[in-house]
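Below is the file query-v4.txt, which contains compact mmCIF, C-alpha atoms.
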# COMPACT_ATOMS: atom_id res chain seq x y z
CA MET A 1 51.81 7.96 -40.47
CA LYS A 2 49.17 5.29 -41.01
CA HIS A 3 50.25 1.93 -39.61
CA LEU A 4 49.95 -1.31 -41.50
CA SER A 5 46.86 -3.21 -40.45
CA ASP A 6 46.92 -6.76 -39.08
CA ALA A 7 45.21 -7.91 -42.25
CA GLU A 8 47.98 -6.33 -44.36
CA LEU A 9 50.74 -7.85 -42.23
CA GLN A 10 49.18 -11.30 -42.31
CA ALA A 11 48.60 -11.03 -46.05
CA TYR A 12 52.25 -9.99 -46.48
CA LEU A 13 53.44 -13.14 -44.67
CA ASP A 14 50.87 -15.31 -46.48
CA ARG A 15 52.17 -13.84 -49.76
CA GLU A 16 48.70 -12.53 -50.55
CA ALA A 17 49.58 -8.85 -50.07
CA SER A 18 47.28 -6.28 -51.59
CA ILE A 19 49.95 -3.57 -51.51
CA SER A 20 53.34 -3.90 -53.19
CA ARG A 21 56.28 -5.48 -51.37
CA GLU A 22 58.42 -2.36 -51.94
CA GLU A 23 55.77 -0.10 -50.45
CA MET A 24 55.45 -2.44 -47.46
CA GLU A 25 59.18 -2.65 -46.87
CA ALA A 26 59.61 1.12 -47.12
CA HIS A 27 56.97 1.58 -44.45
CA LEU A 28 58.48 -1.10 -42.20
CA HIS A 29 61.88 0.53 -42.50
CA ALA A 30 60.47 3.76 -41.14
CA CYS A 31 57.96 2.45 -38.56
CA ALA A 32 59.06 0.73 -35.35
CA HIS A 33 55.47 -0.09 -34.33
CA CYS A 34 54.80 -2.06 -37.50
CA ARG A 35 58.24 -3.69 -37.28
CA SER A 36 57.44 -5.08 -33.82
CA ASN A 37 54.03 -6.26 -35.03
CA LEU A 38 55.68 -8.00 -37.96
CA ALA A 39 58.33 -9.55 -35.66
CA ALA A 40 55.55 -10.97 -33.48
CA TYR A 41 53.78 -12.34 -36.53
CA ARG A 42 56.99 -13.87 -37.85
CA ARG A 43 57.51 -15.61 -34.49
CA LEU A 44 53.93 -16.78 -34.53
CA TYR A 45 54.18 -18.18 -38.06
CA GLY A 46 57.39 -19.98 -37.09
CA GLY A 47 55.71 -21.39 -33.96
CA LEU A 48 52.72 -22.60 -35.94
CA LYS A 49 55.09 -24.64 -38.10
CA ASP A 50 56.71 -26.21 -35.04
CA GLU A 51 55.99 -29.93 -34.81
CA THR A 52 57.75 -30.58 -31.50
CA GLY A 53 55.78 -33.10 -29.47
CA PHE A 54 53.72 -34.27 -32.46
CA LEU A 55 55.07 -37.77 -32.45
CA LEU A 56 53.40 -41.16 -32.74
CA SER A 57 55.04 -44.35 -31.48
CA ALA A 58 57.38 -46.17 -33.86
CA ASN A 59 55.05 -49.18 -34.10
CA PHE A 60 51.96 -47.09 -34.83
CA ALA A 61 51.14 -48.85 -38.13
CA ASP A 62 51.42 -52.26 -36.40
CA ALA A 63 49.09 -51.10 -33.63
CA VAL A 64 46.51 -49.96 -36.20
CA ALA A 65 46.79 -53.28 -38.08
CA ALA A 66 46.35 -55.23 -34.82
CA ARG A 67 43.32 -53.16 -33.91
CA ILE A 68 41.68 -53.77 -37.28
CA GLU A 69 42.40 -57.50 -37.01
CA LYS A 70 40.93 -57.62 -33.50
CA ARG A 71 37.84 -55.77 -34.67
CA GLY A 72 37.46 -58.23 -37.58
CA GLU A 73 37.70 -61.18 -35.21
CA ARG A 74 35.12 -59.67 -32.91
CA LYS A 75 32.83 -59.15 -35.90
CA ALA A 76 33.36 -62.79 -36.96
CA ASP A 77 32.61 -63.95 -33.41
CA LEU A 78 29.42 -61.90 -33.39
CA LEU A 79 28.42 -63.31 -36.78
CA GLU A 80 29.10 -66.83 -35.56
CA LEU A 81 27.09 -66.23 -32.41
CA SER A 82 24.18 -64.77 -34.34
CA LEU A 83 24.21 -67.76 -36.73
CA ILE A 84 24.20 -70.21 -33.80
CA VAL A 85 21.29 -68.34 -32.21
CA THR A 86 19.43 -68.36 -35.55
CA ALA A 87 20.06 -72.10 -35.96
CA LEU A 88 18.83 -72.76 -32.41
CA ILE A 89 15.68 -70.71 -32.94
CA SER A 90 15.01 -72.45 -36.30
CA GLY A 91 15.59 -75.84 -34.67
CA LEU A 92 13.26 -74.98 -31.83
CA ALA A 93 10.63 -73.76 -34.28
CA ALA A 94 10.96 -76.98 -36.29
CA VAL A 95 10.62 -79.07 -33.14
CA LEU A 96 7.53 -77.13 -32.10
CA TYR A 97 6.10 -77.58 -35.60
CA PHE A 98 6.68 -81.36 -35.83
CA PHE A 99 6.12 -82.25 -32.17
CA ASP A 100 3.08 -81.77 -30.04
CA PRO A 101 4.91 -80.67 -26.89
CA GLY A 102 1.79 -80.95 -24.73
CA ALA A 103 1.23 -84.58 -25.73
CA VAL A 104 4.93 -85.44 -25.36
CA PHE A 105 5.03 -83.90 -21.87
CA LYS A 106 1.77 -85.68 -20.88
CA ASN A 107 3.11 -89.03 -22.10
CA LEU A 108 6.38 -88.51 -20.24
CA LEU A 109 4.49 -87.77 -17.06
CA GLN A 110 2.15 -90.75 -17.50
CA GLN A 111 4.69 -93.36 -18.51
CA GLY A 112 7.88 -92.08 -16.95
CA VAL A 113 11.25 -92.02 -18.62
CA ALA A 114 10.87 -95.65 -19.64
CA GLY A 115 8.02 -94.74 -21.94
CA ILE A 116 10.23 -93.39 -24.68
CA SER A 117 7.79 -94.76 -27.17
CA GLY A 118 5.42 -92.10 -25.87
CA LEU A 119 7.67 -89.57 -27.55
CA MET A 120 6.88 -90.99 -30.93
CA ARG A 121 3.19 -90.59 -30.27
CA GLY A 122 3.78 -86.85 -30.05
CA ILE A 123 5.26 -86.66 -33.56
CA PRO A 124 2.25 -87.18 -35.71
CA LEU A 125 3.75 -85.50 -38.79
CA LEU A 126 6.89 -87.65 -38.76
CA GLN A 127 5.20 -90.93 -37.93
CA GLY A 128 5.11 -93.17 -40.98
CA SER A 129 7.04 -90.66 -43.05
CA SER A 130 10.77 -91.36 -43.01
CA LEU A 131 11.16 -89.20 -46.15
CA HIS A 132 10.27 -86.14 -44.09
CA ILE A 133 12.96 -87.03 -41.55
CA LEU A 134 15.57 -87.56 -44.25
CA LEU A 135 14.75 -84.29 -46.02
CA PHE A 136 14.75 -82.37 -42.76
CA THR A 137 18.12 -83.84 -41.70
CA ALA A 138 19.63 -83.14 -45.14
CA ALA A 139 18.41 -79.52 -45.06
CA ILE A 140 19.89 -78.97 -41.58
CA LEU A 141 23.22 -80.50 -42.64
CA ALA A 142 23.32 -78.38 -45.81
CA LEU A 143 22.55 -75.24 -43.78
CA VAL A 144 25.29 -76.04 -41.26
CA GLY A 145 27.75 -76.66 -44.13
CA ILE A 146 26.93 -73.36 -45.86
CA LEU A 147 27.16 -71.39 -42.60
CA ASP A 148 30.49 -73.02 -41.76
CA LYS A 149 31.88 -72.12 -45.19
CA MET A 150 30.66 -68.52 -44.83
CA ILE A 151 32.29 -68.14 -41.41
CA PHE A 152 35.53 -69.67 -42.69
CA GLN A 153 35.64 -67.28 -45.67
CA PHE A 154 34.87 -64.29 -43.45
CA ARG A 155 37.65 -65.20 -41.03
CA GLN A 156 40.11 -65.70 -43.90
CA ARG A 157 39.31 -62.20 -45.19
CA MET B 1 45.68 -39.46 -58.07
CA GLN B 2 46.07 -42.64 -60.12
CA ALA B 3 48.56 -44.05 -57.62
CA GLU B 4 46.15 -43.29 -54.78
CA LYS B 5 43.32 -45.01 -56.65
CA GLU B 6 45.46 -48.10 -57.13
CA LEU B 7 46.41 -48.04 -53.46
CA ILE B 8 42.76 -47.79 -52.39
CA ASP B 9 41.74 -50.62 -54.76
CA LYS B 10 44.41 -52.83 -53.21
CA ILE B 11 43.26 -51.99 -49.67
CA VAL B 12 39.62 -52.65 -50.51
CA ALA B 13 40.68 -55.99 -52.03
CA GLY B 14 42.23 -56.86 -48.64
CA ASP B 15 45.93 -56.03 -49.16
CA ALA B 16 47.22 -55.35 -45.63
CA GLN B 17 50.57 -54.05 -46.88
CA ALA B 18 48.83 -51.43 -49.02
CA PHE B 19 46.93 -50.21 -45.96
CA ARG B 20 50.20 -49.96 -44.06
CA VAL B 21 51.51 -47.68 -46.85
CA LEU B 22 48.42 -45.48 -46.50
CA VAL B 23 48.94 -45.27 -42.72
CA GLU B 24 52.55 -44.25 -43.21
CA ASN B 25 51.60 -41.65 -45.85
CA TYR B 26 48.91 -39.99 -43.76
CA GLN B 27 49.87 -40.53 -40.11
CA ARG B 28 51.56 -37.14 -39.97
CA LEU B 29 48.37 -35.35 -41.07
CA VAL B 30 46.19 -37.31 -38.63
CA CYS B 31 48.70 -36.74 -35.85
CA HIS B 32 48.68 -32.97 -36.48
CA VAL B 33 44.90 -32.72 -36.24
CA VAL B 34 44.49 -35.02 -33.23
CA PHE B 35 47.45 -33.73 -31.23
CA ARG B 36 46.43 -30.12 -31.78
CA MET B 37 42.77 -30.67 -30.90
CA VAL B 38 43.08 -33.10 -27.97
CA ALA B 39 44.96 -32.01 -24.86
CA ASN B 40 44.91 -35.35 -23.08
CA GLU B 41 48.14 -37.11 -24.03
CA ALA B 42 46.92 -40.53 -22.90
CA ASP B 43 44.06 -40.49 -25.44
CA ARG B 44 45.85 -38.98 -28.45
CA GLU B 45 47.51 -42.04 -29.94
CA GLU B 46 44.44 -44.18 -29.40
CA LEU B 47 42.35 -41.56 -31.20
CA CYS B 48 44.82 -41.60 -34.10
CA GLN B 49 44.38 -45.38 -34.27
CA GLU B 50 40.61 -44.99 -34.21
CA VAL B 51 40.82 -42.55 -37.12
CA PHE B 52 42.70 -45.12 -39.23
CA VAL B 53 40.27 -47.89 -38.28
CA LYS B 54 37.44 -45.64 -39.53
CA ILE B 55 39.40 -44.89 -42.70
CA TYR B 56 39.82 -48.63 -43.28
CA GLN B 57 36.13 -49.31 -42.71
CA HIS B 58 34.88 -46.55 -44.99
CA LEU B 59 37.55 -46.52 -47.69
CA LYS B 60 35.34 -48.52 -50.06
CA ASN B 61 32.88 -45.58 -49.99
CA PHE B 62 35.52 -42.98 -50.94
CA ASN B 63 34.51 -41.68 -54.38
CA PHE B 64 37.34 -39.23 -55.19
CA GLN B 65 35.01 -36.23 -55.07
CA SER B 66 37.61 -34.61 -52.82
CA LYS B 67 41.33 -35.18 -52.26
CA LEU B 68 42.14 -38.23 -50.14
CA SER B 69 44.02 -35.99 -47.68
CA THR B 70 40.92 -33.80 -47.25
CA TRP B 71 38.73 -36.86 -46.65
CA ILE B 72 41.18 -38.28 -44.11
CA ALA B 73 41.55 -34.95 -42.30
CA ARG B 74 37.74 -34.68 -42.13
CA ILE B 75 37.53 -38.09 -40.45
CA ALA B 76 40.27 -37.05 -38.01
CA TYR B 77 38.52 -33.74 -37.28
CA ASN B 78 35.10 -35.35 -36.74
CA THR B 79 36.60 -38.06 -34.52
CA CYS B 80 38.18 -35.36 -32.34
CA ILE B 81 34.95 -33.34 -32.21
CA ASN B 82 33.01 -36.45 -31.09
CA TYR B 83 35.67 -37.18 -28.48
CA LEU B 84 35.54 -33.60 -27.16
CA LYS B 85 31.73 -33.70 -27.05
CA LYS B 86 31.92 -36.87 -24.95
CA LYS B 87 34.40 -35.15 -22.65
CA LYS B 88 32.07 -32.12 -22.57
CA ALA B 89 34.84 -29.77 -23.67
CA PRO B 90 33.67 -26.40 -25.08
CA LEU B 91 33.77 -26.54 -28.88
CA TYR B 92 32.43 -23.35 -30.36
CA ASP B 93 32.99 -20.71 -27.69
CA ASP B 94 34.62 -17.42 -28.59
CA LEU B 95 38.35 -16.86 -28.57
CA ALA B 96 38.41 -16.06 -24.85
CA GLY B 97 37.11 -19.55 -24.06
CA THR B 98 38.96 -21.92 -21.73
CA GLU B 99 39.79 -25.60 -22.06
CA ALA B 100 38.83 -28.51 -19.82
CA ASP B 101 42.41 -29.19 -18.77
CA SER B 102 44.42 -26.59 -16.91
CA PRO B 103 47.00 -24.72 -19.00
CA GLY B 104 49.62 -25.50 -16.37
CA ASP B 105 49.27 -29.23 -17.01
CA ARG B 106 49.66 -28.73 -20.70
CA ALA B 107 52.75 -26.57 -20.28
CA VAL B 108 54.41 -29.21 -18.13
CA SER B 109 53.58 -32.00 -20.58
CA PHE B 110 54.92 -29.99 -23.48
CA ILE B 111 58.13 -29.15 -21.62
CA GLU B 112 58.62 -32.88 -21.11
CA SER B 113 58.23 -33.48 -24.82
CA VAL B 114 60.89 -30.93 -25.80
CA PRO B 115 64.17 -32.80 -26.13
CA GLY B 116 67.37 -31.66 -24.41
CA GLU B 117 67.87 -31.14 -20.65
CA LEU B 118 71.35 -29.59 -20.85
CA PRO B 119 71.70 -25.85 -20.12
CA LEU B 120 71.12 -23.82 -23.27
CA PRO B 121 72.63 -20.53 -24.37
CA ASP B 122 70.45 -17.49 -23.53
CA GLU B 123 69.15 -17.07 -27.04
CA PHE B 124 68.01 -20.67 -27.24
CA ALA B 125 66.47 -20.45 -23.79
CA VAL B 126 64.42 -17.41 -24.84
CA ASN B 127 63.39 -19.11 -28.06
CA ARG B 128 62.33 -22.15 -26.11
CA GLU B 129 60.35 -20.05 -23.65
CA ILE B 130 58.56 -18.21 -26.44
CA ARG B 131 57.78 -21.52 -28.11
CA LEU B 132 56.29 -22.88 -24.88
CA PHE B 133 54.28 -19.71 -24.34
CA LEU B 134 52.96 -19.89 -27.88
CA HIS B 135 52.14 -23.57 -27.54
CA GLU B 136 50.14 -22.83 -24.41
CA ALA B 137 48.36 -19.87 -26.02
CA ILE B 138 47.37 -22.03 -29.02
CA SER B 139 46.07 -24.79 -26.75
CA GLU B 140 43.75 -22.27 -25.07
CA LEU B 141 41.98 -21.50 -28.35
CA PRO B 142 38.71 -23.31 -29.17
CA PRO B 143 39.37 -26.63 -31.00
CA GLN B 144 37.96 -25.38 -34.31
CA TYR B 145 40.46 -22.52 -34.41
CA ARG B 146 43.31 -24.87 -33.50
CA ALA B 147 42.33 -27.20 -36.34
CA ILE B 148 42.27 -24.31 -38.83
CA LEU B 149 45.70 -23.03 -37.72
CA THR B 150 47.18 -26.51 -37.97
CA LEU B 151 45.73 -27.41 -41.34
CA TYR B 152 46.79 -24.07 -42.81
CA HIS B 153 50.28 -23.75 -41.37
CA LEU B 154 51.44 -27.32 -40.77
CA ASP B 155 49.66 -29.12 -43.58
CA GLU B 156 49.60 -26.19 -45.99
CA MET B 157 46.00 -26.72 -47.01
CA SER B 158 43.97 -24.11 -48.87
CA TYR B 159 40.98 -22.26 -47.35
CA LYS B 160 38.72 -24.33 -49.60
CA GLU B 161 40.15 -27.64 -48.38
CA ILE B 162 39.95 -26.55 -44.74
CA GLY B 163 36.35 -25.45 -45.32
CA GLU B 164 35.52 -28.94 -46.65
CA ILE B 165 37.14 -30.56 -43.63
CA ILE B 166 35.42 -28.56 -40.92
CA ASN B 167 32.28 -27.82 -42.90
CA LEU B 168 32.57 -24.04 -43.01
CA PRO B 169 32.51 -21.56 -45.90
CA GLU B 170 35.90 -20.43 -47.23
CA GLY B 171 35.30 -16.86 -46.02
CA THR B 172 34.63 -18.04 -42.47
CA VAL B 173 37.81 -20.12 -42.47
CA LYS B 174 39.78 -17.09 -43.58
CA SER B 175 38.16 -14.91 -40.94
CA TYR B 176 38.75 -17.46 -38.12
CA LEU B 177 42.37 -17.82 -39.20
CA PHE B 178 42.85 -14.05 -39.15
CA ARG B 179 41.22 -13.65 -35.72
CA ALA B 180 43.18 -16.52 -34.17
CA ARG B 181 46.52 -15.21 -35.45
CA LYS B 182 45.74 -11.63 -34.40
CA LEU B 183 44.84 -12.78 -30.90
CA LEU B 184 47.99 -14.90 -30.60
CA LYS B 185 50.13 -12.02 -31.84
CA GLU B 186 48.58 -9.69 -29.26
CA ARG B 187 49.23 -12.19 -26.47
CA MET B 188 52.85 -12.44 -27.55
CA LEU B 189 53.28 -8.68 -27.59
CA GLU B 190 51.72 -8.41 -24.11
CA LYS B 191 54.34 -10.81 -22.79
CA TYR B 192 57.46 -10.05 -24.85
CA SER B 193 59.14 -6.96 -26.22
CA ALA B 194 59.76 -6.54 -29.93
CA GLU B 195 63.51 -7.10 -29.37
CA GLU B 196 62.84 -10.43 -27.68
CA LEU B 197 60.67 -11.50 -30.56
CA LEU B 198 63.25 -10.76 -33.21
CA PRO B 199 64.84 -13.99 -34.41

Rendering of file as structure tokens:
Amino acid sequence: MKHLSDAELQAYLDREASISREEMEAHLHACAHCRSNLAAYRRLYGGLKDETGFLLSANFADAVAARIEKRGERKADLLELSLIVTALISGLAAVLYFFDPGAVFKNLLQQGVAGISGLMRGIPLLQGSSLHILLFTAAILALVGILDKMIFQFRQR
Amino acid sequence: MQAEKELIDKIVAGDAQAFRVLVENYQRLVCHVVFRMVANEADREELCQEVFVKIYQHLKNFNFQSKLSTWIARIAYNTCINYLKKKKAPLYDDLAGTEADSPGDRAVSFIESVPGELPLPDEFAVNREIRLFLHEAISELPPQYRAILTLYHLDEMSYKEIGEIINLPEGTVKSYLFRARKLLKERMLEKYSAEELLP
């Protein structure tokens, strides 16, 4: 007698059988070898449905929410830090553009701390042009305001 | 489908409660994939959390070209594969391959997770022993095979859906499933008699 193949037994349990159920059952009735194979497969299928041990903690959703929130805060902190660094670099660049650091340093050395007026000699572009100073200050303040609003909105989200 | 779309729209708009609903709806699926693929108990729950963080971050890119469950299971599967690569666990070896952790450790941890310490009637004791044996045999399979078995039997996914999740053709999924089940059946028959296996 030809035994049922593993493919046929699996297909039978998957309800994809290529041979009829009656034919299958008649064979199983008469064949102990195939019956034990089928019993093993039935056990296996039952075991594969077993979820014992597949359990997450009761506060799993809270833990996920907390993790997302923490990640968002870290992202906001990073954004804030990068904006501060950008502002510092821009400020430094502006100082280097408007000042003549060499002249300022030379004046400081020559006249000492008391010679604060020497500082002004190193700012040729700003000397005699208070409009420049006002515009520059206004631009910095506007930039700080916009950045602050952006950070606030990001944190809120 | 429509309800899922509404849920996703709410999450993308920043509704935390909607995301909580999604976590509750899909935590079972994610848990199945992660717990079956990762042996280390200490890392499992954290990995499940990581999967949901990724889902949250990428949900705005989900375009409904596949089912949401398939997309989520794919993220869970890929997260596990990356974790196993980091741990240098064998991923694609043949069915005789071994795992990084010793089977003994896994058996003990699983025994601890099975509720009930009171003496059991013989029949229940045998059932429990077979279940433990089977659990250990499954955990010795390569992760890809374990994922296929879980998605097919526990989550009742089709070959096509499983193929999308683990990026394999439908025919290969079917063939891996057949080989894994045949091997497990043979291991059971080596250890137990047909009478013992009868329910």

Interface rows for chain A against chain B: nearest pair, Å to one decimal, 10 Å, all atoms listed in the file, as a Markdown table:
| residue | atom | partner | partner_atom | distance |
| --- | --- | --- | --- | --- |
| A:Asp6 | CA | B:Lys182 | CA | 6.9 |
| A:Ala7 | CA | B:Phe178 | CA | 7.3 |
| A:Gln10 | CA | B:Phe178 | CA | 7.6 |
| A:Ala11 | CA | B:Phe178 | CA | 9.5 |
| A:Asp14 | CA | B:His153 | CA | 9.9 |
| A:Ala32 | CA | B:Ala194 | CA | 9.1 |
| A:His33 | CA | B:Ala194 | CA | 8.9 |
| A:Arg35 | CA | B:Ala194 | CA | 8.0 |
| A:Ser36 | CA | B:Ala194 | CA | 4.8 |
| A:Asn37 | CA | B:Lys185 | CA | 7.7 |
| A:Leu38 | CA | B:Ala194 | CA | 9.1 |
| A:Ala39 | CA | B:Leu198 | CA | 5.6 |
| A:Ala40 | CA | B:Lys185 | CA | 5.8 |
| A:Tyr41 | CA | B:Lys185 | CA | 6.0 |
| A:Arg42 | CA | B:Leu198 | CA | 8.4 |
| A:Arg43 | CA | B:Leu197 | CA | 6.5 |
| A:Leu44 | CA | B:Lys185 | CA | 6.7 |
| A:Tyr45 | CA | B:His153 | CA | 7.6 |
| A:Gly46 | CA | B:His153 | CA | 9.1 |
| A:Gly47 | CA | B:Arg131 | CA | 6.2 |
| A:Leu48 | CA | B:His153 | CA | 6.1 |
| A:Lys49 | CA | B:Leu154 | CA | 5.3 |
| A:Asp50 | CA | B:Leu154 | CA | 7.9 |
| A:Glu51 | CA | B:Leu154 | CA | 7.9 |
| A:Thr52 | CA | B:Val114 | CA | 6.5 |
| A:Gly53 | CA | B:Ser113 | CA | 5.3 |
| A:Phe54 | CA | B:Phe35 | CA | 6.4 |
| A:Leu55 | CA | B:Cys31 | CA | 7.3 |
| A:Leu56 | CA | B:Glu45 | CA | 6.6 |
| A:Ser57 | CA | B:Glu45 | CA | 8.0 |
| A:Phe60 | CA | B:Gln49 | CA | 7.8 |
| A:Ala61 | CA | B:Arg20 | CA | 6.1 |
| A:Asp62 | CA | B:Arg20 | CA | 8.1 |
| A:Ala63 | CA | B:Gln49 | CA | 7.4 |
| A:Val64 | CA | B:Gln49 | CA | 5.4 |
| A:Ala65 | CA | B:Arg20 | CA | 7.6 |
| A:Arg67 | CA | B:Val53 | CA | 7.5 |
| A:Ile68 | CA | B:Val53 | CA | 6.1 |
| A:Glu69 | CA | B:Val53 | CA | 9.9 |
| A:Arg71 | CA | B:Val53 | CA | 9.0 |
| A:Arg157 | CA | B:Gly14 | CA | 7.0 |

- Query: With distances taken over all atoms listed in the file, which of B:Ala125, B:Ala42, B:Asn25, B:Asn78 is nearest to Gln144 of chain B?
  - Reply: B:Asn78

- Task: Kindly provide, as JSON, numbers by chain, the polymer residues lying within 12 Å of (35.6, -32.7, -33.8), counting only C-alpha atoms and using the coordinates exactly as they appear in the file.
- Result: {"B": [33, 34, 36, 37, 38, 47, 51, 73, 74, 75, 76, 77, 78, 79, 80, 81, 82, 83, 84, 85, 86, 87, 88, 89, 90, 91, 92, 142, 143, 144, 145, 146, 147, 148, 165, 166, 167]}

- Query: Expressed in Å to a single decimal, how great is the separation between atom CA of Asn59 of chain A and atom CA of Leu29 of chain B?
  - Reply: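 Between atom CA of Asn59 of chain A and atom CA of Leu29 of chain B the gap works out to 16.9 Å.
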
- Message: Need to verify the contact set: segment 80-92 of chain A, 9 Å, only C-alpha atoms, exclusion of same-chain residues closer than 3 positions in sequence. Can you return it as a PyMOL selection string?
- Response: chain A and resi 75-77+95-97+140+143-144+147-148+151

- Task: Would you mind reading off the distance between atom CA of Asn63 of chain B and atom CA of Ile8 of chain B, one decimal, in Å?
- Result: 10.5 Å

- Message: Given only C-alpha atoms as the basis, pick out the residue of B:Leu151, B:Ile162, B:Met157, B:Ala137 nearest to Ala180 of chain B.
- Response: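 That would be B:Ala137, the residue with the smallest distance to Ala180 of chain B.
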